[in-house]
file entry-v9.cif (mmCIF, C-alpha atoms and all ligand atoms)
data_final
#
loop_
_atom_site.label_atom_id
_atom_site.label_comp_id
_atom_site.auth_asym_id
_atom_site.auth_seq_id
_atom_site.Cartn_x
_atom_site.Cartn_y
_atom_site.Cartn_z
CA MET A 1 108.73 -10.86 199.62
CA GLN A 2 106.47 -11.25 202.63
CA SER A 3 108.64 -13.87 204.27
CA TRP A 4 111.71 -11.79 203.46
CA ILE A 5 110.17 -8.85 205.32
CA ARG A 6 109.21 -11.19 208.10
CA ARG A 7 112.79 -12.44 208.41
CA GLN A 8 114.16 -8.91 208.45
CA THR A 9 111.83 -7.78 211.20
CA TYR A 10 111.99 -10.97 213.24
CA SER A 11 114.34 -11.14 216.16
CA PRO A 12 114.16 -13.98 218.65
CA GLU A 13 114.57 -11.75 221.67
CA LEU A 14 111.25 -10.16 220.73
CA GLU A 15 109.47 -13.45 221.17
CA LYS A 16 106.40 -12.87 223.26
CA THR A 17 106.54 -14.01 226.87
CA LEU A 18 104.07 -13.60 229.70
CA ARG A 19 105.06 -11.65 232.79
CA ARG A 20 104.47 -12.80 236.36
CA PHE A 21 101.62 -11.40 238.46
CA SER A 22 102.16 -9.81 241.88
CA SER A 23 100.59 -11.19 245.05
CA TRP A 24 98.43 -8.03 245.16
CA GLU A 25 97.10 -8.77 241.66
CA VAL A 26 96.73 -12.50 242.30
CA SER A 27 94.77 -12.09 245.51
CA GLU A 28 92.61 -9.01 244.88
CA LEU A 29 92.21 -8.90 241.11
CA ILE A 30 92.55 -12.50 239.97
CA LEU A 31 91.45 -14.91 242.74
CA LYS A 32 89.36 -12.21 244.47
CA VAL A 33 90.39 -13.15 247.99
CA ASN A 34 91.55 -10.81 250.71
CA GLN A 35 95.30 -10.24 250.50
CA SER A 36 96.07 -11.24 254.09
CA THR A 37 93.93 -14.40 253.83
CA PHE A 38 95.83 -15.23 250.67
CA ARG A 39 99.25 -14.68 252.26
CA GLY A 40 98.18 -16.70 255.31
CA ARG A 41 97.14 -19.64 253.13
CA LEU A 42 100.42 -19.70 251.26
CA ALA A 43 102.42 -19.42 254.48
CA ALA A 44 100.48 -22.30 256.05
CA ASP A 45 101.19 -24.71 253.18
CA PRO A 46 104.78 -24.65 251.91
CA SER A 47 103.90 -27.09 249.11
CA LEU A 48 101.85 -24.35 247.40
CA PRO A 49 103.62 -22.31 244.69
CA ALA A 50 106.14 -19.92 246.19
CA GLY A 51 106.46 -17.41 243.36
CA GLU A 52 109.52 -15.23 243.06
CA VAL A 53 110.65 -12.00 244.59
CA GLU A 54 111.38 -9.29 242.00
CA GLY A 55 113.10 -5.92 242.16
CA ASP A 56 112.24 -4.07 245.35
CA GLY A 57 111.81 -7.42 247.11
CA ARG A 58 108.55 -6.77 248.92
CA GLN A 59 106.05 -8.69 246.85
CA ARG A 60 106.08 -12.18 245.42
CA TRP A 61 105.32 -12.63 241.73
CA TYR A 62 103.58 -15.74 240.31
CA THR A 63 103.34 -17.31 236.88
CA LEU A 64 99.99 -18.15 235.28
CA ASP A 65 100.68 -21.85 235.90
CA GLU A 66 101.30 -21.17 239.58
CA ILE A 67 98.05 -19.20 239.81
CA ASN A 68 96.19 -22.07 238.17
CA GLU A 69 97.74 -24.55 240.58
CA MET A 70 96.50 -22.43 243.50
CA ARG A 71 93.04 -22.41 241.94
CA ARG A 72 92.97 -26.18 241.85
CA ARG A 73 94.35 -26.71 245.35
CA VAL A 74 93.05 -23.89 247.54
CA LYS A 75 89.52 -23.41 248.84
CA ILE A 76 88.45 -20.27 250.71
CA ASN A 77 85.61 -20.83 253.22
CA ARG A 78 84.92 -24.10 251.38
CA ARG A 79 84.49 -22.07 248.16
CA SER A 80 86.37 -23.48 245.19
CA LEU A 81 88.42 -21.00 243.20
CA LEU A 82 87.73 -22.85 239.94
CA PRO A 83 85.55 -21.00 237.40
CA ALA A 84 81.92 -21.99 236.80
CA ARG A 85 81.23 -24.37 233.94
CA PRO A 86 77.96 -26.27 233.36
CA ALA A 87 78.40 -30.06 233.48
CA GLY A 88 78.03 -32.15 230.33
CA LYS A 89 78.41 -29.31 227.82
CA ARG A 90 81.02 -28.71 225.17
CA ALA A 91 83.07 -25.49 225.10
CA PHE A 92 81.06 -22.33 224.48
CA ARG A 93 81.76 -20.47 221.21
CA ALA A 94 81.59 -16.68 221.07
CA ALA A 95 82.20 -14.68 217.89
CA ILE A 96 83.38 -11.08 218.17
CA ALA A 97 81.96 -9.82 214.90
CA ASN A 98 81.10 -6.66 212.98
CA PHE A 99 81.60 -5.93 209.28
CA LYS A 100 82.60 -2.43 210.30
CA GLY A 101 86.41 -2.03 210.27
CA GLY A 102 88.19 -0.73 213.34
CA ALA A 103 85.20 -1.31 215.64
CA GLY A 104 87.48 -2.78 218.30
CA LYS A 105 86.93 -6.49 217.54
CA SER A 106 90.53 -7.63 217.91
CA THR A 107 91.07 -5.51 221.02
CA VAL A 108 87.95 -6.99 222.62
CA ALA A 109 88.85 -10.56 221.56
CA LEU A 110 92.37 -10.21 222.97
CA HIS A 111 91.21 -8.75 226.29
CA PHE A 112 88.36 -11.24 226.76
CA ALA A 113 90.70 -14.17 226.04
CA HIS A 114 93.21 -12.88 228.58
CA ALA A 115 90.57 -12.02 231.18
CA ALA A 116 88.99 -15.47 230.78
CA ALA A 117 92.38 -17.18 231.19
CA LEU A 118 93.04 -15.19 234.36
CA ASP A 119 89.56 -16.23 235.48
CA GLY A 120 90.71 -19.87 235.25
CA TYR A 121 89.17 -20.84 231.90
CA ARG A 122 91.00 -22.77 229.16
CA VAL A 123 90.59 -20.76 225.99
CA LEU A 124 90.92 -21.46 222.29
CA VAL A 125 90.96 -18.40 220.05
CA VAL A 126 90.35 -18.65 216.33
CA ASP A 127 91.67 -15.83 214.17
CA PHE A 128 89.40 -15.62 211.12
CA ASP A 129 91.03 -12.43 209.85
CA PRO A 130 93.98 -12.53 207.40
CA GLN A 131 95.03 -9.15 208.82
CA ALA A 132 96.06 -11.47 211.67
CA THR A 133 95.98 -8.73 214.32
CA LEU A 134 95.08 -11.23 217.03
CA SER A 135 97.68 -13.79 215.92
CA HIS A 136 100.40 -11.15 215.96
CA SER A 137 99.37 -9.88 219.36
CA MET A 138 99.48 -13.45 220.65
CA GLY A 139 103.03 -13.75 219.34
CA LEU A 140 102.39 -15.77 216.15
CA SER A 141 103.96 -13.91 213.26
CA ASP A 142 105.34 -16.73 211.14
CA VAL A 143 102.30 -18.79 210.16
CA ALA A 144 101.83 -20.80 206.96
CA GLU A 145 98.39 -20.47 205.35
CA ASP A 146 97.87 -24.26 205.51
CA TYR A 147 97.45 -23.93 209.26
CA THR A 148 94.78 -21.23 209.23
CA VAL A 149 91.02 -21.26 208.78
CA TRP A 150 91.79 -21.53 205.06
CA GLY A 151 93.53 -24.88 205.70
CA ILE A 152 90.59 -26.02 207.82
CA MET A 153 88.23 -25.23 204.93
CA ALA A 154 90.36 -26.97 202.29
CA ARG A 155 90.74 -30.04 204.53
CA ASP A 156 87.00 -30.05 205.08
CA LEU A 157 86.32 -29.83 201.33
CA VAL A 158 88.44 -32.94 200.68
CA ARG A 159 87.01 -34.93 203.57
CA GLU A 160 83.38 -33.94 203.04
CA THR A 161 83.63 -34.67 199.31
CA ASP A 162 85.12 -38.11 200.02
CA ARG A 163 82.36 -38.78 202.54
CA MET A 164 79.65 -37.74 200.05
CA ASN A 165 81.19 -39.85 197.28
CA GLU A 166 81.28 -42.90 199.54
CA ALA A 167 77.68 -42.31 200.56
CA SER A 168 76.65 -42.10 196.93
CA VAL A 169 78.38 -45.42 196.15
CA ALA A 170 76.78 -47.03 199.19
CA ALA A 171 73.29 -45.79 198.25
CA GLU A 172 71.31 -48.59 196.66
CA SER A 173 68.76 -46.50 194.82
CA GLY A 174 69.55 -45.36 191.29
CA ALA A 175 69.08 -41.74 192.35
CA ALA A 176 72.56 -41.64 193.89
CA LEU A 177 74.27 -38.29 194.26
CA PRO A 178 76.73 -37.30 191.54
CA ARG A 179 80.37 -38.15 192.23
CA ARG A 180 82.49 -35.04 192.75
CA HIS A 181 86.10 -34.82 191.70
CA ILE A 182 88.74 -32.91 193.66
CA PRO A 183 91.66 -32.05 191.34
CA SER A 184 95.10 -33.22 192.36
CA SER A 185 96.24 -29.59 192.70
CA ILE A 186 94.09 -29.47 195.83
CA ARG A 187 94.32 -33.08 196.99
CA ASP A 188 98.12 -33.12 196.70
CA MET A 189 98.47 -30.24 199.16
CA GLY A 190 97.90 -32.99 201.72
CA LEU A 191 95.56 -30.93 203.85
CA GLY A 192 93.05 -33.78 203.95
CA ASP A 193 95.56 -35.76 205.99
CA LEU A 194 96.18 -33.10 208.63
CA ARG A 195 94.87 -33.91 212.09
CA LEU A 196 92.90 -31.45 214.20
CA PRO A 197 95.75 -30.62 216.63
CA ASP A 198 97.94 -29.63 213.66
CA PHE A 199 95.91 -26.41 213.39
CA ILE A 200 96.19 -25.48 217.05
CA LYS A 201 99.22 -23.56 218.31
CA SER A 202 100.20 -22.71 221.86
CA THR A 203 100.78 -19.11 223.00
CA ALA A 204 102.75 -17.35 225.73
CA TRP A 205 99.67 -17.91 227.91
CA SER A 206 99.71 -21.60 228.92
CA SER A 207 95.90 -21.82 229.05
CA ILE A 208 95.30 -20.08 225.71
CA ASP A 209 95.73 -21.83 222.35
CA ILE A 210 95.14 -20.33 218.93
CA VAL A 211 94.21 -21.25 215.39
CA PRO A 212 96.20 -18.39 213.86
CA SER A 213 95.86 -16.52 210.59
CA CYS A 214 98.29 -14.83 208.19
CA ALA A 215 98.16 -12.47 205.23
CA ASN A 216 98.30 -15.31 202.70
CA ALA A 217 95.06 -16.68 204.12
CA ALA A 218 93.32 -13.80 202.33
CA PHE A 219 93.59 -16.15 199.37
CA VAL A 220 90.80 -18.21 200.91
CA GLU A 221 88.15 -15.75 199.87
CA PHE A 222 89.29 -16.23 196.32
CA ALA A 223 89.88 -19.97 196.35
CA SER A 224 86.68 -20.82 198.21
CA ALA A 225 84.53 -19.71 195.27
CA GLN A 226 86.32 -22.27 193.12
CA TYR A 227 85.96 -24.91 195.86
CA ARG A 228 82.22 -24.41 196.00
CA HIS A 229 82.12 -24.93 192.27
CA LEU A 230 83.99 -28.25 192.63
CA ASN A 231 81.35 -29.50 195.02
CA PRO A 232 78.20 -27.37 195.16
CA ASP A 233 76.76 -29.62 197.89
CA TRP A 234 79.67 -28.87 200.22
CA SER A 235 78.40 -26.83 203.16
CA PHE A 236 81.42 -24.53 203.03
CA PHE A 237 80.15 -22.37 205.91
CA ALA A 238 80.14 -25.31 208.36
CA ALA A 239 83.81 -26.32 208.00
CA VAL A 240 85.02 -24.65 211.19
CA SER A 241 81.95 -25.81 213.08
CA ARG A 242 82.78 -29.42 212.11
CA PHE A 243 86.42 -28.83 213.06
CA LEU A 244 85.42 -27.66 216.55
CA ASP A 245 82.91 -30.53 216.91
CA GLY A 246 85.87 -32.88 216.41
CA LEU A 247 87.73 -31.58 219.47
CA ALA A 248 87.21 -33.26 222.85
CA PRO A 249 84.24 -31.51 224.52
CA ASP A 250 86.31 -30.73 227.61
CA ALA A 251 89.53 -29.70 225.85
CA TYR A 252 88.58 -26.02 226.27
CA ASP A 253 85.99 -23.99 228.14
CA LEU A 254 85.64 -21.02 225.82
CA VAL A 255 86.29 -20.59 222.11
CA ILE A 256 86.59 -16.96 221.05
CA PHE A 257 86.52 -15.91 217.37
CA ASP A 258 88.06 -12.71 216.04
CA CYS A 259 86.31 -11.90 212.75
CA PRO A 260 87.41 -9.95 209.67
CA PRO A 261 85.62 -6.71 208.81
CA ALA A 262 83.87 -8.26 205.81
CA ILE A 263 81.21 -10.72 204.84
CA GLY A 264 82.78 -13.73 203.18
CA TYR A 265 83.58 -17.41 203.47
CA GLN A 266 85.64 -17.01 206.62
CA SER A 267 83.25 -14.73 208.46
CA MET A 268 80.30 -16.98 207.55
CA ASN A 269 82.22 -19.89 209.06
CA ALA A 270 82.73 -17.88 212.24
CA VAL A 271 79.10 -16.84 212.47
CA PHE A 272 77.79 -20.32 211.71
CA ALA A 273 80.01 -21.95 214.36
CA ALA A 274 79.17 -19.36 217.03
CA ASP A 275 76.75 -19.92 219.90
CA MET A 276 76.77 -16.20 220.62
CA LEU A 277 77.53 -13.03 218.67
CA TYR A 278 79.21 -10.21 220.53
CA ILE A 279 79.16 -7.12 218.35
CA PRO A 280 81.55 -4.29 219.25
CA SER A 281 80.75 -0.87 217.89
CA GLY A 282 82.38 2.54 218.26
CA PRO A 283 80.34 5.40 219.70
CA GLY A 284 79.98 7.55 216.55
CA TYR A 285 76.83 7.94 214.49
CA TRP A 286 78.33 6.34 211.38
CA GLU A 287 79.45 3.38 213.40
CA TYR A 288 75.92 2.92 214.68
CA ASP A 289 74.76 3.09 211.08
CA SER A 290 77.21 0.41 209.90
CA THR A 291 76.47 -1.80 212.89
CA THR A 292 72.75 -1.83 212.15
CA SER A 293 73.37 -2.58 208.48
CA PHE A 294 75.74 -5.39 209.55
CA ILE A 295 72.82 -7.02 211.34
CA GLY A 296 70.63 -6.71 208.23
CA GLN A 297 73.26 -8.11 205.88
CA LEU A 298 74.08 -10.95 208.21
CA ALA A 299 70.43 -11.94 208.55
CA GLU A 300 70.14 -12.00 204.74
CA ALA A 301 73.30 -14.07 204.33
CA LEU A 302 72.10 -16.59 206.93
CA GLU A 303 68.72 -16.81 205.22
CA ASP A 304 70.46 -17.58 201.92
CA LEU A 305 72.25 -20.50 203.56
CA SER A 306 68.97 -21.91 204.85
CA MET A 307 67.47 -21.66 201.36
CA GLY A 308 70.49 -23.07 199.56
CA PHE A 309 71.27 -26.12 201.66
CA PRO A 310 69.20 -29.02 202.95
CA ALA A 311 69.33 -28.99 206.73
CA GLY A 312 70.36 -32.66 207.01
CA ASN A 313 72.78 -32.83 209.89
CA LEU A 314 73.33 -29.05 209.81
CA SER A 315 71.35 -26.92 212.22
CA LEU A 316 69.60 -24.58 209.83
CA PRO A 317 68.22 -21.98 210.07
CA LYS A 318 71.03 -20.75 212.30
CA VAL A 319 69.88 -19.84 215.80
CA PHE A 320 72.11 -17.96 218.27
CA GLN A 321 71.80 -18.52 221.99
CA GLU A 322 72.48 -14.82 222.44
CA VAL A 323 73.34 -11.65 220.51
CA ARG A 324 74.86 -8.66 222.30
CA PHE A 325 76.13 -5.24 221.26
CA LEU A 326 79.14 -3.80 223.06
CA MET A 327 80.04 -0.14 222.76
CA THR A 328 83.79 0.47 222.55
CA ARG A 329 86.09 3.50 222.72
CA TYR A 330 83.41 5.08 224.90
CA GLU A 331 84.06 8.35 226.75
CA PRO A 332 81.62 8.78 229.64
CA GLY A 333 82.10 12.56 229.63
CA ASN A 334 81.23 12.91 225.94
CA ASP A 335 77.61 13.95 225.30
CA LEU A 336 77.53 12.44 221.83
CA HIS A 337 78.80 9.10 223.15
CA ARG A 338 76.17 9.07 225.88
CA ALA A 339 73.45 9.91 223.34
CA MET A 340 74.63 7.11 221.04
CA PHE A 341 74.70 4.65 223.94
CA ASP A 342 71.09 5.60 224.76
CA ALA A 343 70.11 5.24 221.11
CA PHE A 344 71.65 1.77 221.01
CA ARG A 345 69.67 0.78 224.08
CA LYS A 346 66.42 2.19 222.65
CA VAL A 347 66.85 0.16 219.47
CA PHE A 348 68.41 -3.06 220.76
CA GLU A 349 67.04 -2.95 224.32
CA GLY A 350 68.33 -5.78 226.51
CA HIS A 351 70.80 -6.81 223.83
CA VAL A 352 73.18 -3.95 224.63
CA ALA A 353 75.93 -4.76 227.13
CA SER A 354 75.50 -2.41 230.08
CA HIS A 355 79.25 -1.88 230.54
CA PRO A 356 80.79 -0.19 227.49
CA ILE A 357 84.54 -0.39 227.02
CA GLU A 358 86.04 3.01 227.65
CA MET A 359 88.58 4.75 225.52
CA THR A 360 91.95 4.22 227.15
CA ARG A 361 95.53 5.15 226.38
CA ALA A 362 96.71 1.87 227.90
CA VAL A 363 95.87 -0.23 224.81
CA GLU A 364 97.52 2.23 222.45
CA GLN A 365 100.80 2.22 224.35
CA SER A 366 102.12 -1.08 223.05
CA GLY A 367 105.21 -1.63 220.99
CA ARG A 368 106.11 -4.38 218.53
CA PHE A 369 103.22 -6.53 219.73
CA LEU A 370 99.79 -5.29 220.64
CA SER A 371 99.48 -6.08 224.35
CA SER A 372 96.43 -6.26 226.53
CA VAL A 373 96.20 -4.29 229.75
CA TYR A 374 96.51 -7.65 231.52
CA GLU A 375 99.94 -8.21 229.96
CA ILE A 376 101.24 -4.74 230.71
CA ASP A 377 103.09 -4.55 234.02
CA TYR A 378 101.44 -1.86 236.12
CA ARG A 379 104.89 -0.63 237.14
CA ASP A 380 105.45 0.41 233.51
CA MET A 381 102.77 3.09 233.46
CA THR A 382 100.81 5.41 235.74
CA ARG A 383 99.07 3.11 238.20
CA GLU A 384 95.82 5.08 237.83
CA THR A 385 95.77 4.73 234.02
CA TRP A 386 96.42 1.00 234.34
CA ARG A 387 93.75 0.48 237.00
CA ARG A 388 91.10 2.39 235.04
CA ALA A 389 91.89 0.52 231.85
CA ARG A 390 91.85 -2.80 233.63
CA ALA A 391 88.58 -1.95 235.40
CA THR A 392 86.74 -1.15 232.16
CA PHE A 393 87.85 -4.42 230.51
CA ASP A 394 87.13 -6.37 233.72
CA LYS A 395 83.55 -5.11 233.91
CA ALA A 396 82.93 -5.79 230.23
CA TYR A 397 84.47 -9.27 230.58
CA GLU A 398 82.42 -10.15 233.66
CA GLU A 399 79.24 -9.24 231.82
CA PHE A 400 80.42 -11.29 228.82
CA ARG A 401 81.11 -14.28 231.11
CA ASP A 402 77.78 -14.01 232.93
CA THR A 403 75.97 -13.80 229.60
CA ILE A 404 77.83 -16.93 228.48
CA LEU A 405 77.02 -18.82 231.68
CA GLU A 406 73.30 -18.23 231.09
CA ALA A 407 73.45 -19.18 227.42
CA TRP A 408 75.75 -22.17 228.07
CA ASP A 409 73.03 -23.89 230.09
CA ARG A 410 70.76 -23.73 227.05
CA LEU A 411 73.25 -25.61 224.83
CA GLU A 412 72.41 -29.23 224.21
CA ASP A 413 74.19 -31.78 226.37
CA GLU A 414 77.02 -33.72 224.79
CA ALA A 415 75.84 -37.23 223.95
N1 LIG A 501 89.12 0.87 224.28
C1 LIG A 501 89.99 1.40 223.44
N2 LIG A 501 90.69 2.52 223.78
C2 LIG A 501 91.57 3.06 222.92
N3 LIG A 501 91.84 2.60 221.70
C3 LIG A 501 91.18 1.50 221.29
C4 LIG A 501 90.22 0.85 222.13
N4 LIG A 501 89.72 -0.21 221.45
C5 LIG A 501 90.34 -0.20 220.26
N5 LIG A 501 91.21 0.82 220.14
C6 LIG A 501 92.07 1.15 219.00
O1 LIG A 501 91.26 1.22 217.82
C7 LIG A 501 91.93 0.64 216.70
C8 LIG A 501 91.07 -0.46 216.09
O2 LIG A 501 90.89 -1.48 217.05
P1 LIG A 501 90.85 -3.02 216.62
O3 LIG A 501 92.01 -3.39 215.81
O4 LIG A 501 90.57 -3.79 217.87
O5 LIG A 501 89.54 -3.01 215.70
P2 LIG A 501 89.00 -4.16 214.73
O6 LIG A 501 87.53 -4.07 214.73
O7 LIG A 501 89.60 -5.46 215.10
O8 LIG A 501 89.60 -3.69 213.34
P3 LIG A 501 89.51 -4.53 211.94
O9 LIG A 501 88.12 -4.35 211.45
O10 LIG A 501 90.54 -3.89 211.06
O11 LIG A 501 89.81 -5.95 212.28
C9 LIG A 501 93.25 0.12 217.23
O12 LIG A 501 94.26 1.05 216.93
C10 LIG A 501 93.05 0.03 218.72
O13 LIG A 501 94.26 0.22 219.45
MG MG A 502 90.59 -6.87 213.91
#
call {"tool": "encode", "arguments": {"input": "entry-v9.cif", "output": "structure tokens", "more": "lines below"}}
Ligand SMILES: Nc1ncnc2c1ncn2[C@@H]1O[C@H](COP(=O)(O)OP(=O)(O)OP(=O)(O)O)[C@@H](O)[C@H]1O
Ligand SMILES: [Mg+2]
result
Amino acid sequence: MQSWIRRQTYSPELEKTLRRFSSWEVSELILKVNQSTFRGRLAADPSLPAGEVEGDGRQRWYTLDEINEMRRRVKINRRSLLPARPAGKRAFRAAIANFKGGAGKSTVALHFAHAAALDGYRVLVVDFDPQATLSHSMGLSDVAEDYTVWGIMARDLVRETDRMNEASVAAESGAALPRRHIPSSIRDMGLGDLRLPDFIKSTAWSSIDIVPSCANAAFVEFASAQYRHLNPDWSFFAAVSRFLDGLAPDAYDLVIFDCPPAIGYQSMNAVFAADMLYIPSGPGYWEYDSTTSFIGQLAEALEDLSMGFPAGNLSLPKVFQEVRFLMTRYEPGNDLHRAMFDAFRKVFEGHVASHPIEMTRAVEQSGRFLSSVYEIDYRDMTRETWRRARATFDKAYEEFRDTILEAWDRLEDEA
């Protein structure tokens, strides 16, 4: 039924594509160089990307690939335009998480991924939520559950169980671990044979890839309980962390997780794999209430993991490099919102992002696909609305990036 509905609503001309960016946007908003310096540079070197003239014929418009080529090739006052990244570290993993529904997680994840890509970073997003909001907004609407976090977990179960069984055979002492059996119903799905790149899909943004989700992946929450029973020693919560460890350390710069509004097998995988938690919360009192109880529940769940599993090669208890709260749908002129923002800062002190994301009509005005303000062409709406929306996400992103750059240095070096 679901795929029937999908077929009925799918039309190829609605496939998501990424627009070009104007020379005004590229110079002032993306590369942050003076517009006339930028034009002068391009004029002086005809081998640099030329862009295309659109419509009124006054500005040139560039693709993301052209912008990234300029980043690699142009220096301004000897300053490289490439984004900062500490040497010798793997990609940094940030989870956008809150058990509260509708807190703005997917909106924040989408905008931060796009802002980071425009900032020159190579981004992998992982959609942990079977509602698949982020996958849909990145143009992936026809995904099989094998290629979601559910598939990653099932593959991990097979491979980890095989590894444990081999270790128990190899052990010389009589106190070998019990052999665990994976029934053919699971083994024959063939997930154990999938390779890491099989789970990674490209998007309309050339420097953003995604591990997507789909409604059928909701089944994972149900199946995982049975999987744990098949092998109680399987560290189910570390499957995605192991998956990411298997990627080349320099394949991506940032990995951003969009989490479901629930505690469960998938969200525990997200939290366990994350170096940093970024917790969006709406500005209402009840949202504050749910956000604080999220923190309590999460701490309890993480403590349970530490009690229930031997650390071995897992890093338990889980330690985050950083935890930050981010207020969303904030209206600066609203007294209640300002009071809630102050309350957040009293309670969580330096862990509250100082730039909340403001309420904006720009993110609501999208059609078939949820689009970020970065994807919306500013000629399609009031320039002022677009600029204000972009400015609020820019400031929040820059703070997110600077927080990451500090925490990134504290990550262990890759061997
Ligand atoms: N800054 C904003 N301005 C206006 N509307 C917003 C803003 N942020 C989010 N919204 C709207 O709020 C709703 C919920 O946002 P979103 O889907 O990002 O939340 P979520 O936490 O991912 O939800 P869920 O828990 O269901 O995954 C959406 O309709 C979205 O368009
Ligand atoms: Mg969401």
call {"tool": "residues_around", "arguments": {"input": "entry-v9.cif", "residues": "stretch 267-271 of chain A", "least_positions_apart": "3", "cutoff": "10 Å", "atoms": "only C-alpha atoms", "output": "short mmCIF file (atom, residue, chain, number, x, y, z; two decimals) with C-alpha atoms, keeping the file's coordinate frame"}}
result
data_model
loop_
_atom_site.label_atom_id
_atom_site.label_comp_id
_atom_site.auth_asym_id
_atom_site.auth_seq_id
_atom_site.Cartn_x
_atom_site.Cartn_y
_atom_site.Cartn_z
CA ARG A 93 81.76 -20.47 221.21
CA ALA A 94 81.59 -16.68 221.07
CA ALA A 95 82.20 -14.68 217.89
CA ILE A 96 83.38 -11.08 218.17
CA ALA A 97 81.96 -9.82 214.90
CA ASN A 98 81.10 -6.66 212.98
CA PHE A 99 81.60 -5.93 209.28
CA VAL A 126 90.35 -18.65 216.33
CA ASP A 127 91.67 -15.83 214.17
CA PHE A 128 89.40 -15.62 211.12
CA ASP A 129 91.03 -12.43 209.85
CA VAL A 149 91.02 -21.26 208.78
CA MET A 153 88.23 -25.23 204.93
CA GLU A 221 88.15 -15.75 199.87
CA SER A 235 78.40 -26.83 203.16
CA PHE A 236 81.42 -24.53 203.03
CA PHE A 237 80.15 -22.37 205.91
CA ALA A 238 80.14 -25.31 208.36
CA ALA A 239 83.81 -26.32 208.00
CA VAL A 240 85.02 -24.65 211.19
CA SER A 241 81.95 -25.81 213.08
CA ILE A 256 86.59 -16.96 221.05
CA PHE A 257 86.52 -15.91 217.37
CA ASP A 258 88.06 -12.71 216.04
CA CYS A 259 86.31 -11.90 212.75
CA PRO A 260 87.41 -9.95 209.67
CA PRO A 261 85.62 -6.71 208.81
CA ALA A 262 83.87 -8.26 205.81
CA ILE A 263 81.21 -10.72 204.84
CA GLY A 264 82.78 -13.73 203.18
CA ALA A 274 79.17 -19.36 217.03
CA ASP A 275 76.75 -19.92 219.90
CA MET A 276 76.77 -16.20 220.62
CA LEU A 277 77.53 -13.03 218.67
CA LEU A 298 74.08 -10.95 208.21
CA ALA A 301 73.30 -14.07 204.33
CA LEU A 302 72.10 -16.59 206.93
CA LEU A 305 72.25 -20.50 203.56
CA LYS A 318 71.03 -20.75 212.30
CA PHE A 320 72.11 -17.96 218.27
#
call {"tool": "residues_near_ligand", "arguments": {"input": "entry-v9.cif", "ligand": "ligand MG 502 (chain A)", "cutoff": "6 Å", "atoms": "all atoms listed in the file", "output": "MDAnalysis selection string"}}
result
chainID A and resid 105:106 133
call {"tool": "residues_near_ligand", "arguments": {"input": "entry-v9.cif", "ligand": "ligand LIG 501 (chain A)", "cutoff": "10 Å", "atoms": "all atoms listed in the file", "output": "compact mmCIF listing (two decimals) with C-alpha atoms, in the coordinates of the input"}}
result
# COMPACT_ATOMS: atom_id res chain seq x y z
CA ILE A 96 83.38 -11.08 218.17
CA ALA A 97 81.96 -9.82 214.90
CA ASN A 98 81.10 -6.66 212.98
CA PHE A 99 81.60 -5.93 209.28
CA LYS A 100 82.60 -2.43 210.30
CA GLY A 101 86.41 -2.03 210.27
CA GLY A 102 88.19 -0.73 213.34
CA ALA A 103 85.20 -1.31 215.64
CA GLY A 104 87.48 -2.78 218.30
CA LYS A 105 86.93 -6.49 217.54
CA SER A 106 90.53 -7.63 217.91
CA THR A 107 91.07 -5.51 221.02
CA VAL A 108 87.95 -6.99 222.62
CA ALA A 109 88.85 -10.56 221.56
CA LEU A 110 92.37 -10.21 222.97
CA HIS A 111 91.21 -8.75 226.29
CA PHE A 128 89.40 -15.62 211.12
CA ASP A 129 91.03 -12.43 209.85
CA PRO A 130 93.98 -12.53 207.40
CA GLN A 131 95.03 -9.15 208.82
CA ALA A 132 96.06 -11.47 211.67
CA THR A 133 95.98 -8.73 214.32
CA LEU A 134 95.08 -11.23 217.03
CA ASP A 258 88.06 -12.71 216.04
CA CYS A 259 86.31 -11.90 212.75
CA PRO A 260 87.41 -9.95 209.67
CA PRO A 261 85.62 -6.71 208.81
CA ALA A 262 83.87 -8.26 205.81
CA ILE A 279 79.16 -7.12 218.35
CA PRO A 280 81.55 -4.29 219.25
CA SER A 281 80.75 -0.87 217.89
CA GLY A 282 82.38 2.54 218.26
CA MET A 327 80.04 -0.14 222.76
CA THR A 328 83.79 0.47 222.55
CA ARG A 329 86.09 3.50 222.72
CA TYR A 330 83.41 5.08 224.90
CA GLU A 331 84.06 8.35 226.75
CA PRO A 356 80.79 -0.19 227.49
CA ILE A 357 84.54 -0.39 227.02
CA GLU A 358 86.04 3.01 227.65
CA MET A 359 88.58 4.75 225.52
CA THR A 360 91.95 4.22 227.15
CA ARG A 361 95.53 5.15 226.38
CA ALA A 362 96.71 1.87 227.90
CA VAL A 363 95.87 -0.23 224.81
CA GLU A 364 97.52 2.23 222.45
CA GLN A 365 100.80 2.22 224.35
CA SER A 366 102.12 -1.08 223.05
CA LEU A 370 99.79 -5.29 220.64
CA SER A 371 99.48 -6.08 224.35
CA SER A 372 96.43 -6.26 226.53
CA ALA A 389 91.89 0.52 231.85
CA THR A 392 86.74 -1.15 232.16
CA PHE A 393 87.85 -4.42 230.51
call {"tool": "closest_residue", "arguments": {"input": "entry-v9.cif", "among": "A:Tyr147, A:Phe348, A:Phe309, A:Trp234", "to": "A:Leu196", "atoms": "all atoms listed in the file"}}
result
A:Tyr147
call {"tool": "residues_around", "arguments": {"input": "entry-v9.cif", "residues": "A:Leu411", "least_positions_apart": "2", "cutoff": "10 Å", "atoms": "only C-alpha atoms", "output": "PyMOL selection string"}}
result
chain A and resi 86+88-92+275+321+406-409+413-414
call {"tool": "closest_residue", "arguments": {"input": "entry-v9.cif", "among": "A:Asp342, A:Asp250, A:Glu349, A:Glu322", "to": "A:Phe400", "atoms": "all atoms listed in the file"}}
result
A:Glu322
